[in-house]
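Novice: Below is the file final35.txt, with compact mmCIF, C-alpha atoms.
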```
# COMPACT_ATOMS: atom_id res chain seq x y z
CA MET L 1 91.07 -63.38 -15.18
CA GLU L 2 89.15 -62.69 -11.95
CA LYS L 3 91.70 -60.09 -10.89
CA THR L 4 91.49 -58.19 -14.17
CA LEU L 5 87.70 -58.11 -13.90
CA THR L 6 87.51 -57.27 -10.20
CA LYS L 7 89.85 -54.29 -10.32
CA PRO L 8 87.86 -52.20 -12.84
CA VAL L 9 84.61 -53.08 -11.08
CA GLY L 10 86.10 -51.93 -7.75
CA ILE L 11 87.41 -48.71 -9.28
CA THR L 12 84.06 -47.99 -10.94
CA ARG L 13 82.26 -48.61 -7.64
CA ASN L 14 84.57 -46.23 -5.78
CA TRP L 15 84.12 -43.50 -8.40
CA LEU L 16 80.33 -43.84 -8.24
CA MET L 17 80.39 -43.92 -4.41
CA PHE L 18 82.46 -40.74 -4.46
CA LEU L 19 80.71 -38.80 -7.23
CA LEU L 20 76.99 -39.44 -6.72
CA PRO L 21 76.67 -38.81 -2.95
CA SER L 22 79.18 -35.92 -3.08
CA LEU L 23 77.26 -34.20 -5.87
CA ALA L 24 74.06 -34.71 -3.90
CA GLY L 25 75.75 -33.18 -0.84
CA ILE L 26 76.92 -30.17 -2.87
CA LEU L 27 73.41 -29.65 -4.26
CA LEU L 28 71.79 -29.93 -0.82
CA PHE L 29 74.27 -28.03 1.36
CA MET L 30 76.28 -25.69 -0.85
CA THR L 31 74.29 -24.75 -3.97
CA PRO L 32 72.38 -21.47 -3.67
CA VAL L 33 68.73 -21.63 -4.75
CA ALA L 34 66.03 -18.98 -4.99
CA TRP L 35 63.01 -19.80 -2.82
CA GLN L 36 60.16 -17.46 -1.92
CA GLY L 37 62.25 -14.43 -2.79
CA ASP L 38 65.29 -15.51 -0.73
CA ILE L 39 68.65 -17.01 -1.65
CA THR L 40 69.15 -20.14 0.43
CA ILE L 41 70.14 -23.83 0.19
CA MET L 42 67.98 -26.93 -0.25
CA ILE L 43 68.49 -28.12 3.34
CA ALA L 44 66.99 -24.83 4.56
CA VAL L 45 64.11 -25.19 2.07
CA LEU L 46 63.34 -28.69 3.38
CA ALA L 47 63.53 -27.43 6.96
CA LYS L 48 61.16 -24.54 6.25
CA SER L 49 58.74 -26.91 4.55
CA VAL L 50 58.57 -29.00 7.72
CA GLN L 51 58.02 -25.84 9.75
CA GLY L 52 55.15 -24.91 7.46
CA VAL L 53 53.48 -28.32 7.71
CA LEU L 54 53.96 -28.77 11.47
CA ALA L 55 53.85 -25.10 12.49
CA ASP L 56 51.33 -25.48 15.33
CA GLU L 57 52.67 -28.82 16.60
CA LEU L 58 56.42 -28.06 16.64
CA PRO L 59 56.59 -26.36 20.09
CA ALA L 60 54.84 -29.38 21.62
CA ILE L 61 57.11 -31.82 19.74
CA VAL L 62 60.21 -29.94 20.90
CA THR L 63 58.88 -29.85 24.48
CA GLY L 64 58.49 -33.63 24.38
CA LEU L 65 62.00 -34.17 22.99
CA VAL L 66 63.69 -31.89 25.54
CA THR L 67 61.78 -33.52 28.41
CA LEU L 68 62.57 -37.02 27.09
CA SER L 69 66.25 -36.12 26.79
CA ALA L 70 66.39 -34.90 30.40
CA ALA L 71 64.61 -38.03 31.70
CA LEU L 72 66.86 -40.45 29.78
CA THR L 73 69.98 -38.50 30.75
CA LEU L 74 68.96 -38.67 34.42
CA LEU L 75 68.39 -42.41 34.04
CA GLY L 76 71.57 -43.03 32.04
CA THR L 77 73.83 -40.97 34.30
CA LEU L 78 72.52 -42.09 37.71
CA ALA L 79 70.91 -45.54 37.23
CA ARG L 80 72.94 -46.65 34.17
CA PRO L 81 70.66 -49.47 32.95
CA GLY L 82 72.20 -52.12 30.71
CA TRP L 83 70.30 -51.13 27.56
CA ILE L 84 72.01 -47.73 27.73
CA GLY L 85 75.39 -48.88 29.01
CA ASN L 86 75.71 -51.67 26.43
CA SER L 87 75.11 -49.30 23.50
CA ALA L 88 78.09 -47.10 22.64
CA PHE L 89 75.82 -44.50 21.04
CA LEU L 90 73.22 -44.35 23.84
CA ASN L 91 75.90 -44.39 26.53
CA THR L 92 77.67 -41.43 24.89
CA LEU L 93 74.37 -39.56 24.49
CA PHE L 94 72.81 -40.14 27.92
CA ASN L 95 75.68 -40.90 30.33
CA VAL L 96 77.10 -37.39 30.68
CA SER L 97 79.03 -35.20 33.11
CA PRO L 98 77.21 -33.42 35.98
CA VAL L 99 77.38 -30.09 34.10
CA TRP L 100 75.50 -31.45 31.10
CA LEU L 101 73.05 -33.32 33.31
CA VAL L 102 72.15 -30.06 35.08
CA SER L 103 71.97 -28.22 31.72
CA ARG L 104 69.50 -30.75 30.29
CA LEU L 105 67.40 -30.79 33.46
CA LEU L 106 67.33 -26.98 33.43
CA GLY L 107 66.36 -26.99 29.76
CA ALA L 108 63.50 -29.42 30.51
CA ALA L 109 62.30 -27.29 33.43
CA PHE L 110 62.28 -24.15 31.28
CA VAL L 111 60.59 -25.80 28.30
CA LEU L 112 57.79 -27.20 30.50
CA MET L 113 57.27 -23.83 32.17
CA VAL L 114 57.07 -22.07 28.83
CA HIS L 115 54.83 -24.68 27.19
CA PHE L 116 52.33 -24.79 30.08
CA GLN L 117 52.75 -21.08 31.01
CA VAL L 118 53.56 -21.79 34.66
CA GLY L 119 56.11 -20.26 37.03
CA PRO L 120 57.63 -16.78 36.81
CA GLU L 121 56.44 -14.85 33.77
CA LEU L 122 59.96 -13.56 33.04
CA LEU L 123 60.91 -17.15 32.15
CA TYR L 124 58.03 -17.90 29.78
CA SER L 125 57.38 -14.46 28.24
CA GLY L 126 57.67 -13.94 24.50
CA ASP L 127 60.96 -12.06 24.97
CA THR L 128 62.75 -14.84 26.88
CA GLY L 129 61.83 -18.53 27.10
CA GLY L 130 58.84 -18.06 24.80
CA LEU L 131 61.15 -16.70 22.09
CA VAL L 132 63.50 -19.69 22.40
CA LEU L 133 60.74 -22.36 22.42
CA ASN L 134 58.35 -20.89 19.86
CA ASP L 135 60.73 -19.16 17.45
CA LEU L 136 64.18 -20.74 17.70
CA LEU L 137 63.80 -24.41 18.67
CA PRO L 138 61.28 -25.27 15.91
CA VAL L 139 63.77 -23.91 13.35
CA LEU L 140 66.64 -25.91 14.87
CA PHE L 141 64.46 -29.04 15.08
CA SER L 142 63.74 -28.87 11.35
CA VAL L 143 67.35 -28.10 10.40
CA PHE L 144 68.76 -30.84 12.65
CA ILE L 145 66.53 -33.54 11.15
CA PHE L 146 67.58 -32.95 7.56
CA ALA L 147 71.14 -31.78 8.21
CA GLY L 148 71.76 -34.69 10.59
CA LEU L 149 70.32 -37.33 8.25
CA LEU L 150 72.01 -36.00 5.11
CA LEU L 151 75.35 -34.84 6.56
CA PRO L 152 77.04 -38.17 5.68
CA LEU L 153 76.78 -37.10 2.03
CA LEU L 154 79.43 -34.46 2.82
CA LEU L 155 81.36 -36.41 5.44
CA ASP L 156 81.58 -40.04 4.34
CA PHE L 157 82.13 -40.22 0.58
CA GLY L 158 85.37 -38.32 -0.02
CA LEU L 159 84.25 -34.77 -0.84
CA LEU L 160 86.03 -33.23 2.16
CA GLU L 161 89.21 -35.15 1.39
CA LEU L 162 89.29 -33.69 -2.14
CA VAL L 163 88.35 -30.15 -1.10
CA GLY L 164 90.73 -30.26 1.84
CA THR L 165 93.67 -31.26 -0.33
CA LEU L 166 92.96 -28.61 -2.96
CA LEU L 167 92.42 -25.72 -0.53
CA THR L 168 95.10 -26.46 2.09
CA ARG L 169 97.51 -24.01 0.42
CA ILE L 170 94.99 -21.21 1.05
CA MET L 171 93.45 -22.18 4.38
CA ARG L 172 96.68 -23.18 6.15
CA PRO L 173 98.79 -20.03 5.68
CA VAL L 174 95.91 -17.55 5.91
CA PHE L 175 93.67 -19.07 8.58
CA ARG L 176 95.90 -21.86 10.02
CA LEU L 177 93.14 -24.37 9.28
CA PRO L 178 92.73 -27.50 7.13
CA GLY L 179 91.43 -26.95 3.62
CA ARG L 180 88.29 -28.96 4.37
CA SER L 181 87.11 -26.21 6.75
CA ALA L 182 86.14 -24.18 3.65
CA VAL L 183 83.13 -26.51 3.29
CA ASP L 184 81.93 -25.55 6.80
CA CYS L 185 82.11 -21.90 5.84
CA MET L 186 80.19 -22.38 2.58
CA ALA L 187 77.43 -24.41 4.28
CA SER L 188 77.02 -21.71 6.94
CA TRP L 189 77.27 -18.73 4.61
CA LEU L 190 74.71 -20.01 2.12
CA GLY L 191 72.41 -21.77 4.58
CA ASP L 192 72.58 -21.66 8.35
CA GLY L 193 75.26 -21.30 11.02
CA SER L 194 73.81 -24.28 12.90
CA VAL L 195 74.63 -26.51 9.90
CA GLY L 196 78.24 -25.34 10.04
CA ILE L 197 78.49 -26.08 13.77
CA LEU L 198 76.99 -29.55 13.29
CA LEU L 199 79.47 -30.22 10.48
CA THR L 200 82.40 -28.97 12.56
CA SER L 201 81.40 -30.97 15.64
CA LYS L 202 81.11 -34.21 13.68
CA GLN L 203 84.48 -33.70 12.02
CA TYR L 204 86.06 -32.98 15.41
CA GLU L 205 84.56 -36.19 16.82
CA GLY L 206 85.85 -38.01 13.72
CA LYS L 207 89.41 -36.76 14.40
CA HIS L 208 89.64 -34.58 11.31
CA TYR L 209 90.01 -31.37 13.34
CA THR L 210 92.20 -30.75 16.38
CA GLN L 211 90.82 -28.99 19.48
CA ARG L 212 92.20 -25.65 18.30
CA GLU L 213 90.90 -26.08 14.76
CA ALA L 214 87.41 -27.09 15.91
CA ALA L 215 87.21 -24.17 18.34
CA VAL L 216 88.41 -21.70 15.69
CA ILE L 217 86.07 -22.98 12.97
CA GLY L 218 83.07 -23.12 15.32
CA THR L 219 83.56 -19.55 16.54
CA THR L 220 84.81 -18.04 13.26
CA PHE L 221 83.38 -19.81 10.23
CA SER L 222 79.83 -20.66 11.35
CA ALA L 223 78.75 -17.49 9.63
CA VAL L 224 75.32 -15.92 9.51
CA SER L 225 73.35 -16.77 6.38
CA ILE L 226 72.58 -14.23 3.68
CA THR L 227 68.88 -14.64 4.45
CA PHE L 228 69.21 -13.66 8.11
CA SER L 229 71.47 -10.76 7.17
CA LEU L 230 68.63 -9.43 5.04
CA VAL L 231 66.26 -9.74 8.01
CA VAL L 232 68.62 -7.73 10.24
CA LEU L 233 69.06 -5.07 7.55
CA ALA L 234 65.28 -4.79 7.07
CA GLN L 235 64.84 -4.25 10.81
CA VAL L 236 67.06 -1.12 10.67
CA LYS L 237 65.30 0.04 7.46
CA LEU L 238 68.37 -0.02 5.23
CA GLU L 239 67.38 -2.75 2.74
CA HIS L 240 68.51 -0.57 -0.15
CA MET L 241 72.10 -0.78 1.13
CA PHE L 242 72.48 -4.56 1.04
CA LEU L 243 75.58 -4.66 -1.18
CA PRO L 244 77.76 -2.28 0.90
CA PHE L 245 76.32 -3.84 4.07
CA TYR L 246 77.21 -7.40 3.10
CA GLY L 247 80.53 -6.22 1.71
CA ALA L 248 81.32 -4.73 5.14
CA VAL L 249 80.22 -7.98 6.83
CA CYS L 250 82.43 -10.14 4.58
CA LEU L 251 85.47 -7.85 4.88
CA ALA L 252 85.16 -7.58 8.68
CA GLY L 253 84.55 -11.33 8.94
CA ILE L 254 87.73 -12.15 6.99
CA VAL L 255 89.80 -9.76 9.13
CA ALA L 256 88.38 -11.33 12.31
CA ALA L 257 89.06 -14.84 10.96
CA ILE L 258 92.72 -13.92 10.45
CA VAL L 259 93.29 -11.97 13.69
CA VAL L 260 91.14 -13.50 16.47
CA PRO L 261 92.36 -17.13 16.18
CA ARG L 262 95.94 -15.91 16.65
CA LEU L 263 95.05 -14.42 20.07
CA PRO L 264 94.01 -16.02 23.39
CA PRO L 265 91.93 -17.99 24.19
CA LEU L 266 91.81 -19.66 20.76
CA CYS L 267 95.59 -19.74 20.26
CA TRP L 268 95.89 -21.49 23.65
CA LYS L 269 93.82 -24.47 22.52
CA LYS L 270 95.76 -27.70 22.09
CA ASP L 271 96.58 -28.80 18.55
CA THR L 272 95.59 -32.37 19.38
CA PHE L 273 92.61 -34.47 18.34
CA ILE L 274 89.72 -35.38 20.63
CA ASN L 275 91.63 -38.47 21.81
CA GLY L 276 94.82 -36.50 22.58
CA ASP L 277 96.79 -37.56 19.48
CA ALA L 278 98.69 -34.95 17.49
CA ARG L 279 98.21 -34.47 13.76
CA PRO L 280 101.08 -36.18 11.88
CA ALA L 281 103.53 -33.66 10.45
CA ASP L 282 103.06 -34.98 6.92
CA ALA L 283 99.29 -35.41 7.12
CA GLU L 284 98.57 -32.70 4.53
CA ALA L 285 101.69 -33.14 2.44
CA THR L 286 101.37 -34.09 -1.24
CA PRO L 287 103.39 -37.24 -2.02
CA GLU L 288 106.29 -36.86 -4.42
CA GLY L 289 105.26 -37.38 -8.02
CA TYR L 290 101.59 -36.54 -7.35
CA SER L 291 99.73 -33.39 -8.27
CA ARG L 292 97.50 -31.91 -5.59
CA LEU L 293 94.39 -32.84 -7.61
CA ARG L 294 95.49 -36.44 -8.13
CA HIS L 295 96.39 -36.85 -4.46
CA GLY L 296 93.03 -35.37 -3.43
CA LEU L 297 91.16 -37.75 -5.76
CA ASP L 298 93.10 -40.72 -4.39
CA LEU L 299 92.18 -39.77 -0.83
CA ALA L 300 88.54 -39.23 -1.85
CA LEU L 301 88.29 -42.62 -3.60
CA ASN L 302 89.96 -44.34 -0.66
CA ARG L 303 87.40 -42.75 1.70
CA ALA L 304 84.52 -43.80 -0.56
CA SER L 305 85.85 -47.37 -0.68
CA ARG L 306 85.39 -47.67 3.09
CA VAL L 307 81.60 -47.28 2.83
CA GLU L 308 80.41 -50.87 3.12
CA SER L 309 76.66 -50.37 2.75
CA LEU L 310 73.97 -47.72 2.55
CA GLY L 311 72.63 -49.05 5.85
CA GLN L 312 75.87 -47.92 7.51
CA VAL L 313 75.35 -44.42 6.08
CA VAL L 314 71.70 -44.29 7.19
CA ARG L 315 72.66 -45.31 10.73
CA ALA L 316 75.29 -42.56 10.84
CA GLY L 317 72.70 -40.02 9.70
CA VAL L 318 70.14 -41.14 12.29
CA HIS L 319 72.80 -40.96 15.01
CA ASN L 320 73.72 -37.42 13.90
CA ALA L 321 70.10 -36.28 14.01
CA LEU L 322 69.36 -37.87 17.41
CA ASP L 323 72.59 -36.50 18.85
CA MET L 324 71.57 -32.95 17.93
CA LEU L 325 67.87 -33.28 18.80
CA LEU L 326 68.35 -34.92 22.20
CA GLY L 327 71.78 -33.54 23.06
CA VAL L 328 71.73 -29.95 21.84
CA LEU L 329 68.10 -28.72 21.98
CA PRO L 330 67.93 -28.92 25.82
CA VAL L 331 71.18 -26.94 26.14
CA VAL L 332 69.96 -24.26 23.72
CA MET L 333 66.74 -23.98 25.76
CA ALA L 334 68.68 -23.63 29.02
CA PHE L 335 71.40 -21.19 28.01
CA GLY L 336 69.29 -19.25 25.52
CA THR L 337 66.58 -18.59 28.11
CA LEU L 338 69.06 -17.57 30.81
CA ALA L 339 70.89 -15.17 28.46
CA LEU L 340 67.65 -13.50 27.36
CA VAL L 341 66.41 -13.20 30.97
CA VAL L 342 69.66 -11.39 31.86
CA ALA L 343 69.31 -9.12 28.82
CA GLU L 344 65.66 -8.29 29.55
CA THR L 345 65.72 -7.88 33.33
CA THR L 346 69.13 -6.39 34.16
CA PRO L 347 71.22 -3.44 32.89
CA LEU L 348 74.27 -5.73 32.66
CA PHE L 349 74.73 -5.48 28.90
CA SER L 350 74.21 -1.69 28.98
CA TRP L 351 76.92 -1.40 31.64
CA LEU L 352 79.25 -3.62 29.62
CA GLY L 353 78.63 -1.41 26.58
CA MET L 354 79.63 1.84 28.31
CA PRO L 355 83.40 1.40 27.71
CA PHE L 356 82.66 1.40 23.96
CA VAL L 357 81.51 5.06 24.02
CA PRO L 358 85.05 6.51 23.70
CA LEU L 359 85.88 4.05 20.90
CA LEU L 360 82.69 4.93 19.00
CA GLU L 361 83.45 8.63 19.42
CA LEU L 362 87.02 8.06 18.23
CA LEU L 363 85.61 6.32 15.14
CA GLN L 364 83.27 9.33 14.67
CA ILE L 365 80.08 7.26 14.88
CA PRO L 366 77.04 9.54 15.54
CA GLU L 367 74.91 8.97 18.67
CA ALA L 368 77.75 7.03 20.30
CA ALA L 369 76.05 6.77 23.71
CA ALA L 370 72.92 5.18 22.24
CA ALA L 371 74.99 2.90 19.99
CA SER L 372 77.10 1.71 22.94
CA GLN L 373 74.04 0.02 24.49
CA THR L 374 73.89 -2.35 21.50
CA MET L 375 77.57 -3.35 21.53
CA VAL L 376 77.39 -6.26 23.99
CA VAL L 377 73.69 -7.11 24.15
CA GLY L 378 74.13 -9.15 20.95
CA PHE L 379 75.80 -11.84 23.07
CA ALA L 380 72.30 -12.74 24.30
CA ASP L 381 70.62 -12.65 20.89
CA MET L 382 71.78 -11.33 17.53
CA PHE L 383 68.49 -9.61 16.75
CA ILE L 384 68.35 -7.45 19.91
CA PRO L 385 70.90 -4.83 18.66
CA ALA L 386 68.86 -4.32 15.47
CA ILE L 387 65.69 -3.86 17.56
CA LEU L 388 67.39 -1.30 19.81
CA ALA L 389 68.86 0.49 16.78
CA THR L 390 65.43 1.39 15.37
CA SER L 391 65.25 4.35 17.80
CA ILE L 392 68.55 5.79 16.47
CA GLU L 393 68.16 8.49 13.81
CA SER L 394 71.56 8.25 12.10
CA ASP L 395 71.60 5.91 9.07
CA MET L 396 75.35 5.46 9.50
CA THR L 397 74.99 4.36 13.12
CA ARG L 398 72.20 1.91 12.29
CA PHE L 399 74.37 0.54 9.45
CA VAL L 400 77.30 0.00 11.84
CA ILE L 401 75.11 -1.65 14.51
CA ALA L 402 73.46 -4.01 11.99
CA ALA L 403 76.77 -5.07 10.40
CA LEU L 404 78.45 -5.48 13.79
CA SER L 405 75.63 -7.65 15.16
CA VAL L 406 76.12 -10.04 12.23
CA THR L 407 79.94 -10.20 12.47
CA GLN L 408 79.95 -10.67 16.26
CA LEU L 409 78.64 -14.15 15.39
CA ILE L 410 78.39 -15.67 18.89
CA TYR L 411 75.01 -15.21 20.51
CA MET L 412 73.66 -17.41 23.28
CA SER L 413 70.13 -17.84 21.93
CA GLU L 414 71.53 -20.04 19.14
CA VAL L 415 75.19 -20.24 18.08
CA GLY L 416 76.65 -19.94 21.59
CA ALA L 417 74.28 -22.52 23.05
CA LEU L 418 74.89 -24.84 20.07
CA LEU L 419 78.65 -24.62 20.62
CA LEU L 420 78.23 -25.37 24.33
CA GLY L 421 75.98 -28.32 23.53
CA SER L 422 78.41 -29.78 21.00
CA LYS L 423 81.71 -31.58 21.58
CA ILE L 424 83.65 -28.51 20.39
CA PRO L 425 86.02 -27.58 23.27
CA VAL L 426 84.84 -24.11 24.33
CA ASN L 427 83.18 -22.85 27.52
CA ILE L 428 80.87 -19.89 28.14
CA VAL L 429 83.63 -17.61 29.50
CA GLU L 430 85.78 -18.25 26.42
CA LEU L 431 82.80 -17.57 24.17
CA PHE L 432 82.21 -14.20 25.82
CA VAL L 433 85.89 -13.25 25.48
CA ILE L 434 85.87 -14.27 21.80
CA PHE L 435 82.66 -12.26 21.31
CA LEU L 436 84.32 -9.14 22.75
CA MET L 437 87.44 -9.67 20.66
CA ARG L 438 85.40 -10.05 17.48
CA THR L 439 83.61 -6.82 18.42
CA LEU L 440 86.87 -4.90 18.90
CA VAL L 441 88.41 -6.25 15.68
CA THR L 442 85.40 -5.84 13.36
CA LEU L 443 84.07 -2.49 14.62
CA PRO L 444 86.87 -0.34 13.10
CA VAL L 445 86.58 -2.20 9.76
CA ILE L 446 82.81 -1.67 9.63
CA ALA L 447 83.19 1.97 10.67
CA LEU L 448 85.71 2.50 7.85
CA VAL L 449 83.25 1.09 5.31
CA ALA L 450 80.42 3.15 6.82
CA HIS L 451 82.40 6.42 6.44
CA TRP L 452 83.20 5.48 2.85
CA VAL L 453 79.52 4.70 2.06
CA PHE L 454 77.98 7.64 3.91
```
Re-express the file's structure as structure tokens.
Specialist:
Amino acid sequence: MEKTLTKPVGITRNWLMFLLPSLAGILLFMTPVAWQGDITIMIAVLAKSVQGVLADELPAIVTGLVTLSAALTLLGTLARPGWIGNSAFLNTLFNVSPVWLVSRLLGAAFVLMVHFQVGPELLYSGDTGGLVLNDLLPVLFSVFIFAGLLLPLLLDFGLLELVGTLLTRIMRPVFRLPGRSAVDCMASWLGDGSVGILLTSKQYEGKHYTQREAAVIGTTFSAVSITFSLVVLAQVKLEHMFLPFYGAVCLAGIVAAIVVPRLPPLCWKKDTFINGDARPADAEATPEGYSRLRHGLDLALNRASRVESLGQVVRAGVHNALDMLLGVLPVVMAFGTLALVVAETTPLFSWLGMPFVPLLELLQIPEAAAASQTMVVGFADMFIPAILATSIESDMTRFVIAALSVTQLIYMSEVGALLLGSKIPVNIVELFVIFLMRTLVTLPVIALVAHWVF
């Protein structure tokens, strides 16, 4: 009698543990909502609400967090006290390699210089370190808190197992990725690229993505949100052309997602998990006698059954948030500031853009010489090309520059620094090569659309 009673109760529990948190995750991370005239997601709304309430205090809060992270990392890496060494989480967070130790110390030095306005002005001006501390880090702080705390709703209750099973037949042959990576793309596209990177990093650490898959998803599917695309388009004064603009962005992004991962350096990444194990050959196969939907539901319910308590979920969320706040913010401060200093004080990006003049002329883009200066500078910050484009008279050229800056995707003031600060296996040289490849692949597609529109 006990067995016949226990089984239905267990099944009901698993269904509830799968359905309720997964629906909440879909509503928070993947459901578009209208807010203050923009289309966004609830996580972004919550983050912006925090920014509104703590607007004046956020730079100081971020300064404290980055400084605390550097101090604890120095202590954990060099002195290794027992309270850090005996905690798996704290040891992973604060006992790091020399490269990350230097990155966090550099981030702390920059953030203190900017906050207290000391040292060379080129480091704390509003175009370099001041931009990162006052404009970017408060946004990331707010996103990381809510995304980190609530990410287990997507990760731990079976939603990705169901979605992954249903979409494998599309994602595998077209993009050579697991079906579950479609969720990363949706969260980025509707909300924020940083959410997609956080989601990808956690799934890589959880051995759901191989090194190649994590690197591809992080550099390909952490797309720019619709909201930021509107901001870029407004900067070049072409708001009335949003539909063809975003159509060009989506088309070019899909082409890049198919082509770039099949070329070096992404195709050279190992198809092994973070611990070196290979994915089993039958890992995504549907068992005989099962439909894809039934198999996906079985996997989802099995995943939900492993959640022992809500306390376990809360701890995972707190760990996610702390990992991003104390592990990633310092790296974004360090690399973002350095990239913007290079962009502002040297002609490096203009020189790197010169080889694009013949290509732009071949594609019959007006004012090719002026446009070439925007081709590579987006590696420092996505918004810089749109700022430079305002002096260009041709609507077509401004359209191409705006769309290209969005599809290039990797910029060091946010996405690039986030990738470097995460566990995703990419380095700064690889990021720059991928950035150039995305530029070369997407530019002809965008130019084609531009000639059709204009």
Novice: Could you check which residues have any atom within 8 Å of (75.1, -7.8, 13.7), counting all atoms listed in the file with coordinates taken straight from the file, and then list them as a ChimeraX atom specification?
Specialist: /L:232,378,382-383,385-386,401-409
Novice: Which one is closest to Met333 in chain L: L:Trp100, L:Trp35, L:Trp15, L:Phe110? Count all atoms listed in the file.
Specialist: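 Looking only at the distances to Met333 in chain L, the closest residue turns out to be L:Phe110.
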Novice: I'd like the neighbourhood of range 165-168 of chain L as a list in words, where a residue qualifies if any of its atoms comes within 7 Å (using all atoms listed in the file), though same-chain residues fewer than 6 positions away should be ignored.
Specialist: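 The residues that qualify are Pro178, Gly179, Arg292, Leu293 and Gly296 of chain L.
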Novice: Output the selection as a short mmCIF file (atom, residue, chain, number, x, y, z; two decimals), in the frame of the given file - C-alpha atoms for each residue.
Specialist:
```cif
data_model
loop_
_atom_site.label_atom_id
_atom_site.label_comp_id
_atom_site.auth_asym_id
_atom_site.auth_seq_id
_atom_site.Cartn_x
_atom_site.Cartn_y
_atom_site.Cartn_z
CA PRO L 178 92.73 -27.50 7.13
CA GLY L 179 91.43 -26.95 3.62
CA ARG L 292 97.50 -31.91 -5.59
CA LEU L 293 94.39 -32.84 -7.61
CA GLY L 296 93.03 -35.37 -3.43
#
```
Novice: L:Ile41, L:Leu263, L:Ile387, L:Ile84: which is nearest Val231 in chain L, counting only C-alpha atoms?
Specialist: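 Checking each candidate against Val231 in chain L, we get L:Ile387 as the closest.
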Novice: Looking at L:Val183, L:Leu448, L:Leu159, L:Ala343, which one is nearest to Leu23 in chain L, with distances taken over all atoms listed in the file?
Specialist: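 For Leu23 in chain L, the nearest of the candidates is L:Leu159.
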Novice: For a cutoff of 10 Å around the file-coordinate point (87.2, -0.7, 18.9), which residues qualify once you count all atoms listed in the file? I'd like the result as a list in words.
Specialist: Pro355, Phe356, Val357, Pro358, Leu359, Leu360, Leu362, Leu363, Leu436, Met437, Arg438, Thr439, Leu440, Val441, Thr442, Leu443, Pro444, Val445 and Ala447 of chain L
Novice: Using only C-alpha atoms, pick whichever of L:Gln51, L:Ser125, L:Thr63, L:Gln211 has the shortest atom-to-atom distance to Pro425 in chain L.
Specialist: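 So, comparing all the options, the nearest one is L:Gln211.
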Novice: Counting all atoms listed in the file, which of L:Gly82, L:Gly129, L:Gly64, L:Gly119 gets nearest to Glu344 in chain L?
Specialist: L:Gly129
Novice: Can range 33-44 of chain L be brought up to N, CA and C atoms and written out as a compact mmCIF listing (two decimals), in the frame of the given file?
Specialist:
```
# COMPACT_ATOMS: atom_id res chain seq x y z
N VAL L 33 69.98 -21.55 -3.99
CA VAL L 33 68.73 -21.63 -4.75
C VAL L 33 67.83 -20.47 -4.34
N ALA L 34 67.00 -20.04 -5.28
CA ALA L 34 66.03 -18.98 -4.99
C ALA L 34 64.73 -19.64 -4.53
N TRP L 35 64.24 -19.21 -3.36
CA TRP L 35 63.01 -19.80 -2.82
C TRP L 35 62.24 -18.73 -2.07
N GLN L 36 61.04 -18.46 -2.53
CA GLN L 36 60.16 -17.46 -1.92
C GLN L 36 60.86 -16.11 -1.76
N GLY L 37 61.60 -15.74 -2.79
CA GLY L 37 62.25 -14.43 -2.79
C GLY L 37 63.57 -14.37 -2.06
N ASP L 38 64.02 -15.48 -1.46
CA ASP L 38 65.29 -15.51 -0.73
C ASP L 38 66.30 -16.38 -1.46
N ILE L 39 67.58 -16.12 -1.20
CA ILE L 39 68.65 -17.01 -1.65
C ILE L 39 69.01 -17.91 -0.48
N THR L 40 68.91 -19.22 -0.68
CA THR L 40 69.15 -20.14 0.43
C THR L 40 69.71 -21.44 -0.13
N ILE L 41 69.71 -22.52 0.65
CA ILE L 41 70.14 -23.83 0.19
C ILE L 41 69.01 -24.82 0.40
N MET L 42 69.09 -25.98 -0.26
CA MET L 42 67.98 -26.93 -0.25
C MET L 42 67.69 -27.47 1.15
N ILE L 43 68.72 -27.64 1.97
CA ILE L 43 68.49 -28.12 3.34
C ILE L 43 67.58 -27.15 4.09
N ALA L 44 67.82 -25.84 3.91
CA ALA L 44 66.99 -24.83 4.56
C ALA L 44 65.57 -24.85 3.99
```
